[in-house]
file coords_26.cif (mmCIF, C-alpha atoms)
data_final
loop_
_atom_site.label_atom_id
_atom_site.label_comp_id
_atom_site.auth_asym_id
_atom_site.auth_seq_id
_atom_site.Cartn_x
_atom_site.Cartn_y
_atom_site.Cartn_z
CA MET D 1209 11.38 32.96 35.01
CA HIS D 1210 15.00 31.95 34.49
CA ALA D 1211 17.35 34.62 33.17
CA TRP D 1212 17.85 32.75 29.90
CA GLU D 1213 14.07 32.51 29.43
CA ALA D 1214 13.82 36.31 29.63
CA ILE D 1215 16.47 36.69 26.94
CA GLU D 1216 14.83 34.06 24.72
CA GLN D 1217 11.56 35.95 25.07
CA SER D 1218 13.28 39.17 24.00
CA LEU D 1219 14.88 37.41 21.00
CA THR D 1220 11.45 36.28 19.85
CA PHE D 1221 10.15 39.84 20.24
CA ILE D 1222 13.04 41.14 18.11
CA GLU D 1223 12.30 38.61 15.33
CA GLU D 1224 8.68 39.71 15.23
CA HIS D 1225 9.51 43.43 15.08
CA LEU D 1226 12.65 43.62 12.92
CA ALA D 1227 10.98 46.02 10.50
CA GLU D 1228 10.13 48.43 13.35
CA GLU D 1229 12.05 50.68 15.72
CA ILE D 1230 13.35 48.52 18.60
CA SER D 1231 14.66 50.20 21.73
CA THR D 1232 16.51 48.59 24.61
CA GLU D 1233 13.96 50.08 27.00
CA THR D 1234 11.08 48.40 25.15
CA LEU D 1235 12.83 45.03 25.21
CA ALA D 1236 13.63 45.36 28.91
CA ASN D 1237 10.01 46.22 29.67
CA THR D 1238 8.69 43.17 27.80
CA VAL D 1239 10.57 40.87 30.20
CA GLY D 1240 10.25 42.94 33.37
CA LEU D 1241 13.91 43.92 33.78
CA SER D 1242 15.67 47.25 34.13
CA PRO D 1243 17.43 48.42 30.94
CA PHE D 1244 20.78 48.30 32.76
CA TYR D 1245 20.41 44.71 33.94
CA PHE D 1246 18.78 43.59 30.67
CA GLN D 1247 21.69 44.88 28.56
CA ARG D 1248 24.26 43.16 30.78
CA LEU D 1249 22.34 39.88 30.69
CA PHE D 1250 21.76 40.09 26.93
CA LYS D 1251 25.46 40.67 26.20
CA ARG D 1252 26.44 37.77 28.46
CA LEU D 1253 24.06 35.24 26.88
CA VAL D 1254 24.06 36.38 23.24
CA ASN D 1255 27.67 37.64 23.02
CA LYS D 1256 26.48 40.79 21.28
CA SER D 1257 25.08 44.11 22.46
CA VAL D 1258 21.35 44.59 21.88
CA GLN D 1259 21.70 47.06 19.00
CA GLU D 1260 24.53 45.11 17.34
CA TYR D 1261 22.38 41.97 17.46
CA VAL D 1262 19.38 43.79 15.98
CA LYS D 1263 21.56 45.14 13.17
CA LEU D 1264 22.97 41.69 12.35
CA ARG D 1265 19.53 40.06 12.30
CA ARG D 1266 18.21 42.81 10.04
CA LEU D 1267 21.13 42.32 7.67
CA ALA D 1268 20.47 38.56 7.63
CA LYS D 1269 16.86 39.22 6.61
CA VAL D 1270 17.95 41.72 3.98
CA ILE D 1271 20.20 39.06 2.42
CA GLU D 1272 17.26 36.67 2.14
CA ASN D 1273 15.28 39.33 0.29
CA LEU D 1274 18.15 40.45 -1.95
CA SER D 1275 18.61 36.91 -3.23
CA ASP D 1276 14.93 35.95 -3.44
CA SER D 1277 13.27 39.03 -4.92
CA GLU D 1278 13.65 41.74 -7.55
CA GLN D 1279 13.09 44.55 -5.04
CA ARG D 1280 15.45 47.50 -5.24
CA ILE D 1281 18.29 47.33 -2.73
CA LEU D 1282 17.21 50.62 -1.15
CA ASP D 1283 13.62 49.41 -0.71
CA VAL D 1284 14.78 46.22 1.02
CA ALA D 1285 17.05 48.25 3.32
CA LEU D 1286 14.25 50.66 4.23
CA ASP D 1287 11.90 47.74 4.92
CA TYR D 1288 14.27 46.56 7.65
CA GLY D 1289 14.88 49.82 9.45
CA PHE D 1290 17.93 51.27 7.72
CA SER D 1291 17.56 55.03 7.38
CA SER D 1292 19.42 55.52 4.11
CA HIS D 1293 21.25 53.73 1.32
CA ALA D 1294 24.58 55.05 2.64
CA ASN D 1295 23.85 53.89 6.18
CA PHE D 1296 22.84 50.45 4.93
CA THR D 1297 25.80 50.05 2.56
CA ARG D 1298 28.24 50.97 5.32
CA ALA D 1299 26.72 48.44 7.74
CA PHE D 1300 26.62 45.74 5.05
CA LYS D 1301 30.25 46.22 4.00
CA GLU D 1302 31.52 46.40 7.60
CA THR D 1303 29.75 43.11 8.34
CA TYR D 1304 30.36 41.08 5.17
CA GLY D 1305 33.35 42.76 3.51
CA ILE D 1306 31.45 43.39 0.26
CA THR D 1307 28.81 45.90 -0.88
CA PRO D 1308 25.12 45.00 -1.34
CA GLU D 1309 25.60 45.51 -5.09
CA ASP D 1310 28.51 43.03 -5.08
CA TYR D 1311 26.34 40.53 -3.25
CA ARG D 1312 23.36 40.82 -5.57
CA ARG D 1313 25.63 40.51 -8.62
CA ASP D 1314 27.65 37.46 -7.51
CA LEU D 1315 25.42 35.87 -4.81
CA PRO D 1316 28.31 34.46 -2.77
CA MET D 1317 27.57 32.25 0.22
CA LEU D 1318 27.66 34.43 3.35
CA ASN D 1319 27.84 33.71 7.06
CA THR D 1320 24.88 35.52 8.63
CA PHE D 1321 24.12 35.87 12.32
CA ASP D 1322 21.44 33.37 13.31
CA LYS D 1323 18.89 33.77 16.08
CA PRO D 1324 20.46 31.70 18.91
CA GLU D 1325 18.65 29.04 20.91
CA VAL D 1326 19.82 30.19 24.34
CA SER D 1327 18.00 27.34 26.09
CA MET D 1328 20.40 24.80 24.56
CA ASN D 1329 23.15 26.07 26.87
CA TYR D 1330 21.12 24.96 29.89
CA VAL D 1331 19.87 21.54 28.82
CA LEU D 1332 22.01 18.40 28.98
CA VAL D 1333 20.58 15.25 27.39
CA ASP D 1334 21.83 11.70 27.82
CA GLU D 1335 23.10 9.66 24.89
CA GLY D 1336 20.26 8.51 22.68
CA VAL D 1337 17.76 11.05 24.06
CA PRO D 1338 16.39 13.52 21.46
CA LEU D 1339 16.55 17.25 22.21
CA VAL D 1340 14.00 19.56 20.62
CA ALA D 1341 15.20 23.16 20.33
CA GLY D 1342 13.40 25.71 18.20
CA ASP D 1343 12.79 24.13 14.80
CA ILE D 1344 15.40 21.36 15.06
CA VAL D 1345 15.78 17.97 16.72
CA LEU D 1346 19.17 16.59 17.66
CA GLU D 1347 20.34 13.35 19.24
CA ILE D 1348 23.83 12.34 20.35
CA GLN D 1349 25.04 8.74 20.44
CA ARG D 1350 28.15 6.64 19.93
CA LYS D 1351 28.73 4.70 16.71
CA SER D 1352 31.37 2.30 15.44
CA LEU D 1353 32.56 2.50 11.85
CA ALA D 1354 33.82 -0.95 10.91
CA ASN D 1355 35.45 0.05 7.61
CA PRO D 1356 36.81 3.40 6.43
CA GLU D 1357 34.69 5.44 4.03
CA ILE D 1358 36.30 7.07 1.00
CA TYR D 1359 35.13 10.44 -0.29
CA LEU D 1360 36.15 12.40 -3.39
CA GLY D 1361 35.87 16.16 -3.54
CA LEU D 1362 37.60 19.51 -3.23
CA GLU D 1363 39.40 21.19 -0.35
CA THR D 1364 40.54 24.66 0.62
CA ALA D 1365 42.32 26.45 3.46
CA VAL D 1366 40.02 28.61 5.60
CA HIS D 1367 40.87 31.36 8.08
CA ILE D 1368 39.62 30.24 11.51
CA SER D 1369 38.84 33.80 12.60
CA GLU D 1370 36.48 34.29 9.65
CA GLN D 1371 34.39 31.16 10.31
CA ILE D 1372 34.55 30.50 14.05
CA PRO D 1373 32.55 30.52 16.23
CA ALA D 1374 29.93 28.91 14.04
CA GLY D 1375 26.88 31.05 13.60
CA GLU D 1376 28.55 34.20 14.94
CA SER D 1377 31.28 35.13 12.47
CA THR D 1378 30.09 37.10 9.45
CA GLY D 1379 31.51 37.45 5.97
CA VAL D 1380 31.96 35.19 2.96
CA ASP D 1381 31.26 31.55 3.85
CA ALA D 1382 34.36 29.78 2.50
CA PRO D 1383 33.05 26.23 3.10
CA GLY D 1384 29.75 27.21 1.47
CA GLN D 1385 31.60 28.56 -1.54
CA LEU D 1386 33.53 25.28 -1.79
CA TRP D 1387 30.27 23.33 -1.78
CA LYS D 1388 28.96 25.50 -4.64
CA ARG D 1389 32.12 24.75 -6.61
CA TYR D 1390 31.93 21.02 -5.86
CA HIS D 1391 28.32 20.77 -7.03
CA THR D 1392 29.27 22.61 -10.22
CA GLU D 1393 32.26 20.39 -11.01
CA LYS D 1394 31.29 16.96 -9.65
CA ALA D 1395 29.80 15.82 -12.98
CA SER D 1396 33.27 14.70 -14.08
CA ILE D 1397 33.42 12.10 -11.26
CA ALA D 1398 29.69 11.30 -11.07
CA ALA D 1399 30.23 7.73 -12.30
CA ILE D 1400 32.06 6.76 -9.10
CA LEU D 1401 29.93 8.69 -6.60
CA ASP D 1402 27.14 7.47 -4.35
CA THR D 1403 24.88 10.52 -4.63
CA ARG D 1404 23.00 9.66 -1.43
CA VAL D 1405 25.81 10.70 0.95
CA GLU D 1406 28.06 13.76 0.99
CA MET D 1407 30.62 14.87 3.56
CA GLY D 1408 32.21 18.11 4.70
CA MET D 1409 35.34 17.66 6.82
CA SER D 1410 37.11 20.29 8.90
CA HIS D 1411 40.67 19.46 9.94
CA THR D 1412 42.98 21.67 12.00
CA GLU D 1413 46.59 20.68 11.48
CA ASP D 1414 48.31 23.75 12.95
CA ALA D 1415 46.10 26.23 14.78
CA THR D 1416 49.07 28.60 15.21
CA GLN D 1417 48.76 29.43 11.51
CA GLY D 1418 45.15 30.51 12.02
CA LEU D 1419 43.92 28.14 9.31
CA PHE D 1420 41.96 24.94 8.99
CA THR D 1421 41.42 22.72 5.94
CA TYR D 1422 37.88 22.18 4.73
CA PHE D 1423 36.87 19.36 2.38
CA ALA D 1424 33.56 19.02 0.51
CA GLY D 1425 32.77 15.86 -1.41
CA GLY D 1426 30.71 12.75 -2.01
CA LEU D 1427 30.92 9.11 -0.98
CA ALA D 1428 32.97 7.25 -3.59
CA GLN D 1429 32.96 3.69 -4.87
CA ASN D 1430 35.53 1.86 -7.00
CA VAL D 1431 38.14 4.63 -6.90
CA GLN D 1432 40.96 3.82 -9.31
CA GLY D 1433 43.70 5.72 -11.08
CA GLN D 1434 44.78 9.35 -10.89
CA LEU D 1435 42.27 12.02 -9.90
CA GLN D 1436 41.91 14.96 -12.29
CA GLY D 1437 40.55 18.48 -12.05
CA GLY D 1438 41.81 19.26 -8.57
CA PHE D 1439 39.76 16.53 -6.88
CA VAL D 1440 41.25 14.92 -3.79
CA LYS D 1441 40.50 11.81 -1.79
CA LYS D 1442 39.60 11.88 1.92
CA GLU D 1443 39.02 9.02 4.30
CA LEU D 1444 36.67 8.83 7.25
CA PRO D 1445 38.69 6.33 9.31
CA ALA D 1446 37.25 3.24 10.92
CA GLY D 1447 36.83 3.47 14.68
CA GLU D 1448 34.65 4.78 17.48
CA TYR D 1449 32.75 8.05 17.04
CA ILE D 1450 30.41 10.38 18.84
CA VAL D 1451 27.67 11.25 16.37
CA CYS D 1452 25.22 14.15 16.62
CA LYS D 1453 22.20 13.60 14.38
CA ILE D 1454 20.31 16.75 13.36
CA GLU D 1455 16.86 16.99 11.80
CA ALA D 1456 15.15 20.03 10.30
CA GLU D 1457 12.13 20.63 8.09
CA LYS D 1458 14.11 21.94 5.10
CA PHE D 1459 17.58 21.11 3.80
CA GLU D 1460 18.44 24.82 3.52
CA ASP D 1461 17.74 25.29 7.24
CA LEU D 1462 19.58 22.09 8.09
CA VAL D 1463 22.91 23.16 6.58
CA THR D 1464 22.80 26.69 8.02
CA VAL D 1465 20.93 27.48 11.23
CA ALA D 1466 20.50 23.88 12.43
CA LEU D 1467 24.15 22.98 11.80
CA ASP D 1468 25.34 26.11 13.61
CA GLN D 1469 23.13 25.48 16.64
CA ALA D 1470 23.97 21.79 16.87
CA SER D 1471 27.71 22.45 16.53
CA LYS D 1472 27.58 24.97 19.37
CA TYR D 1473 25.69 22.51 21.54
CA LEU D 1474 27.96 19.56 20.78
CA PHE D 1475 31.29 21.37 21.17
CA GLY D 1476 30.32 24.07 23.65
CA THR D 1477 27.98 22.20 26.00
CA TRP D 1478 27.70 18.43 25.57
CA LEU D 1479 31.34 17.39 25.13
CA PRO D 1480 32.73 19.65 27.90
CA HIS D 1481 30.05 18.48 30.36
CA HIS D 1482 31.05 14.88 29.64
CA ASN D 1483 34.77 15.73 30.06
CA LEU D 1484 35.41 14.63 26.49
CA THR D 1485 37.87 15.98 23.95
CA THR D 1486 38.15 14.93 20.33
CA GLU D 1487 40.69 14.60 17.56
CA PRO D 1488 41.23 17.88 15.63
CA PHE D 1489 38.68 17.17 12.92
CA SER D 1490 34.94 16.88 12.49
CA ALA D 1491 32.91 15.41 9.66
CA GLU D 1492 29.48 16.57 8.51
CA LYS D 1493 27.59 13.77 6.76
CA TYR D 1494 24.65 14.88 4.62
CA TYR D 1495 22.01 12.34 3.63
CA ARG D 1496 20.42 13.37 0.34
CA ASP D 1497 17.85 10.58 0.10
CA ALA D 1498 15.81 11.55 3.19
CA LYS D 1499 12.16 11.98 2.17
CA ASP D 1500 10.12 12.95 5.23
CA MET D 1501 12.65 15.26 6.94
CA ALA D 1502 16.11 16.61 6.12
CA TYR D 1503 18.83 15.19 8.33
CA MET D 1504 22.58 15.11 8.72
CA GLU D 1505 25.17 14.00 11.28
CA ILE D 1506 28.27 15.51 12.85
CA TRP D 1507 30.95 12.85 13.47
CA VAL D 1508 33.81 13.42 15.92
CA LYS D 1509 36.43 10.96 17.20
CA PRO D 1510 36.82 11.06 21.00
CA LEU D 1511 40.30 10.89 22.43
CA PRO D 1512 40.99 8.28 25.13
CA GLN D 1513 40.25 9.68 28.57
CA ASP D 1514 43.88 9.54 29.68
CA SER D 1515 44.91 11.52 26.57
CA SER D 1516 42.51 14.33 27.30
CA VAL D 1517 43.90 15.24 30.70
#
call {"tool": "encode", "arguments": {"input": "coords_26.cif", "output": "structure tokens"}}
result
Amino acid sequence: MHAWEAIEQSLTFIEEHLAEEISTETLANTVGLSPFYFQRLFKRLVNKSVQEYVKLRRLAKVIENLSDSEQRILDVALDYGFSSHANFTRAFKETYGITPEDYRRDLPMLNTFDKPEVSMNYVLVDEGVPLVAGDIVLEIQRKSLANPEIYLGLETAVHISEQIPAGESTGVDAPGQLWKRYHTEKASIAAILDTRVEMGMSHTEDATQGLFTYFAGGLAQNVQGQLQGGFVKKELPAGEYIVCKIEAEKFEDLVTVALDQASKYLFGTWLPHHNLTTEPFSAEKYYRDAKDMAYMEIWVKPLPQDSSV
């Protein structure tokens, strides 16, 4: 068994026993490692200690239940191993910056810690070859965009430290909140939108400021005159792109867990192994008319090889 396979096995065990007491010794025994070596290996591959990871996964499950059921907050917390309301509230606020009561009242979009697909760090696929990992399928290929695409939407400045790395930072999901606002306000520009395609664009202009700009909007047609209501226009330029297509069973999984996992693979594994760097932006294209399976694409513009040295 490879080391990463042992950790993946332990992650599956954790998911199946989140409502129970989980000790490091038990996890180590399930994969045949000493507790000392298991903890070191877990921290290296998951970037969290065992107990911190368990806490974050429990909190993620609690959030699902707080938003989807009428259960009392204390009952949900007890169901997932928190010993008291005070203990749970402290952990929740330290992780997300708000109390459980604040969350249930306002239901903001939150960044929760996803179960990682450790195997993706050890698999390198060629262009055009699908990779199946967990519940998602991704495929990376090159595409040419002959003409620029125009999108209309909203944008906001986001603190890099609060959103990056994808799938690991916790707190209020600023891009997710922007999408909620866009879907609430887009009726005023609906006449010039193609509702089948939407785009989220991240653009880092000055990383020294610790901020990036995030845009959320829809594909536009026949844009004329002055934009009202805070809407802005963004262009996906013509040119050559590396495109990562992602498929998942449900749209909700696609835009959360699947997007996080695919982004990590594209930027952390695939591009570095191909000695490729990209311009300081990425575009997420969401296709709303998919019937059989939800899918989206991440578009990045590679820099010329001599510019990336």
call {"tool": "closest_atom_pairs", "arguments": {"input": "coords_26.cif", "of": "range 1400-1462 of chain D", "to": "range 1351-1358 of chain D", "cutoff": "7 Å", "atoms": "all atoms listed in the file", "output": "JSON lines"}}
result
{"residue": "D:Leu1427", "atom": "CA", "partner": "D:Ile1358", "partner_atom": "CA", "distance": 6.1}
{"residue": "D:Ala1428", "atom": "CA", "partner": "D:Ile1358", "partner_atom": "CA", "distance": 5.7}
{"residue": "D:Lys1441", "atom": "CA", "partner": "D:Ile1358", "partner_atom": "CA", "distance": 6.9}
{"residue": "D:Lys1442", "atom": "CA", "partner": "D:Ile1358", "partner_atom": "CA", "distance": 5.9}
{"residue": "D:Glu1443", "atom": "CA", "partner": "D:Ile1358", "partner_atom": "CA", "distance": 4.7}
{"residue": "D:Leu1444", "atom": "CA", "partner": "D:Glu1357", "partner_atom": "CA", "distance": 5.1}
{"residue": "D:Pro1445", "atom": "CA", "partner": "D:Pro1356", "partner_atom": "CA", "distance": 4.5}
{"residue": "D:Ala1446", "atom": "CA", "partner": "D:Pro1356", "partner_atom": "CA", "distance": 4.5}
{"residue": "D:Gly1447", "atom": "CA", "partner": "D:Leu1353", "partner_atom": "CA", "distance": 5.2}
{"residue": "D:Glu1448", "atom": "CA", "partner": "D:Ser1352", "partner_atom": "CA", "distance": 4.6}
{"residue": "D:Tyr1449", "atom": "CA", "partner": "D:Lys1351", "partner_atom": "CA", "distance": 5.2}
{"residue": "D:Ile1450", "atom": "CA", "partner": "D:Lys1351", "partner_atom": "CA", "distance": 6.3}
{"residue": "D:Val1451", "atom": "CA", "partner": "D:Lys1351", "partner_atom": "CA", "distance": 6.6}
call {"tool": "write_last_selection", "arguments": {"input": "coords_26.cif", "atoms": "C-alpha atoms", "output": "JSON list (two decimals), in the coordinates of the input"}}
result
[["chain", "number", "residue", "atom", "x", "y", "z"],
["D", 1427, "LEU", "CA", 30.92, 9.11, -0.98],
["D", 1428, "ALA", "CA", 32.97, 7.25, -3.59],
["D", 1441, "LYS", "CA", 40.50, 11.81, -1.79],
["D", 1442, "LYS", "CA", 39.60, 11.88, 1.92],
["D", 1443, "GLU", "CA", 39.02, 9.02, 4.30],
["D", 1444, "LEU", "CA", 36.67, 8.83, 7.25],
["D", 1445, "PRO", "CA", 38.69, 6.33, 9.31],
["D", 1446, "ALA", "CA", 37.25, 3.24, 10.92],
["D", 1447, "GLY", "CA", 36.83, 3.47, 14.68],
["D", 1448, "GLU", "CA", 34.65, 4.78, 17.48],
["D", 1449, "TYR", "CA", 32.75, 8.05, 17.04],
["D", 1450, "ILE", "CA", 30.41, 10.38, 18.84],
["D", 1451, "VAL", "CA", 27.67, 11.25, 16.37]]
call {"tool": "resolve_selection", "arguments": {"input": "coords_26.cif", "expression": "the PyMOL selection byres ((chain D and resi 1322-1330) around 7)", "output": "PyMOL selection string"}}
result
chain D and resi 1212+1216+1320-1321+1331-1332+1341-1342+1375+1465+1473+1477
call {"tool": "residues_around", "arguments": {"input": "coords_26.cif", "residues": "range 1389-1396 of chain D", "least_positions_apart": "2", "cutoff": "7 Å", "atoms": "all atoms listed in the file", "output": "count of residues only"}}
result
8
call {"tool": "resolve_selection", "arguments": {"input": "coords_26.cif", "expression": "the PyMOL selection byres ((chain D and resi 1274-1288) around 8)", "output": "list in words"}}
result
Leu1226, Ala1227, Glu1228, Arg1266, Lys1269, Val1270, Ile1271, Glu1272, Asn1273, Gly1289, Phe1290, Ser1291, Ser1292, His1293, Phe1296, Pro1308, Glu1309, Arg1312 and Leu1315 of chain D
call {"tool": "write_last_selection", "arguments": {"input": "coords_26.cif", "atoms": "C-alpha atoms", "output": "mmCIF file, keeping the file's coordinate frame"}}
result
data_model
loop_
_atom_site.group_PDB
_atom_site.id
_atom_site.type_symbol
_atom_site.label_atom_id
_atom_site.label_comp_id
_atom_site.auth_asym_id
_atom_site.auth_seq_id
_atom_site.Cartn_x
_atom_site.Cartn_y
_atom_site.Cartn_z
ATOM 1 C CA LEU D 1226 12.650 43.620 12.920
ATOM 2 C CA ALA D 1227 10.980 46.020 10.500
ATOM 3 C CA GLU D 1228 10.130 48.430 13.350
ATOM 4 C CA ARG D 1266 18.210 42.810 10.040
ATOM 5 C CA LYS D 1269 16.860 39.220 6.610
ATOM 6 C CA VAL D 1270 17.950 41.720 3.980
ATOM 7 C CA ILE D 1271 20.200 39.060 2.420
ATOM 8 C CA GLU D 1272 17.260 36.670 2.140
ATOM 9 C CA ASN D 1273 15.280 39.330 0.290
ATOM 10 C CA GLY D 1289 14.880 49.820 9.450
ATOM 11 C CA PHE D 1290 17.930 51.270 7.720
ATOM 12 C CA SER D 1291 17.560 55.030 7.380
ATOM 13 C CA SER D 1292 19.420 55.520 4.110
ATOM 14 C CA HIS D 1293 21.250 53.730 1.320
ATOM 15 C CA PHE D 1296 22.840 50.450 4.930
ATOM 16 C CA PRO D 1308 25.120 45.000 -1.340
ATOM 17 C CA GLU D 1309 25.600 45.510 -5.090
ATOM 18 C CA ARG D 1312 23.360 40.820 -5.570
ATOM 19 C CA LEU D 1315 25.420 35.870 -4.810
#
call {"tool": "axis_aligned_box", "arguments": {"input": "coords_26.cif", "around": "range 1311-1326 of chain D", "padding_each_side": "5 Å", "output": "lines of an AutoDock Vina configuration file"}}
result
center_x = 23.5
center_y = 34.9
center_z = 7.9
size_x = 19.7
size_y = 21.8
size_z = 43.0
call {"tool": "resolve_selection", "arguments": {"input": "coords_26.cif", "expression": "the PyMOL selection byres ((chain D and resi 1248-1253) around 12)", "output": "ChimeraX atom specification"}}
result
/D:1210-1219,1232,1235-1236,1239,1241-1247,1254-1262,1324-1330
call {"tool": "closest_residue", "arguments": {"input": "coords_26.cif", "among": "D:Asp1381, D:Asp1314, D:Glu1223, D:Asp1334", "to": "His1482 in chain D", "atoms": "only C-alpha atoms"}}
result
D:Asp1334
call {"tool": "atom_distance", "arguments": {"input": "coords_26.cif", "atom1": "CA of Leu1401 in chain D", "atom2": "CA of Leu1360 in chain D"}}
result
7.9 Å
call {"tool": "atom_distance", "arguments": {"input": "coords_26.cif", "atom1": "CA of Arg1298 in chain D", "atom2": "CA of His1367 in chain D"}}
result
23.5 Å
call {"tool": "atom_distance", "arguments": {"input": "coords_26.cif", "atom1": "CA of Phe1459 in chain D", "atom2": "CA of Gly1384 in chain D"}}
result
13.8 Å
call {"tool": "closest_residue", "arguments": {"input": "coords_26.cif", "among": "D:Gly1336, D:Pro1316, D:Pro1488, D:Gly1437", "to": "Gln1349 in chain D", "atoms": "all atoms listed in the file"}}
result
D:Gly1336
call {"tool": "closest_residue", "arguments": {"input": "coords_26.cif", "among": "D:Met1501, D:Asn1483, D:Lys1453, D:Ala1299", "to": "Arg1350 in chain D", "atoms": "only C-alpha atoms"}}
result
D:Lys1453
call {"tool": "residues_around", "arguments": {"input": "coords_26.cif", "residues": "Glu1505 in chain D", "least_positions_apart": "5", "cutoff": "12 Å", "atoms": "all atoms listed in the file", "output": "ChimeraX atom specification"}}
result
/D:1345-1351,1405-1409,1449-1456,1462-1463,1466-1467,1470-1471,1474,1490-1496
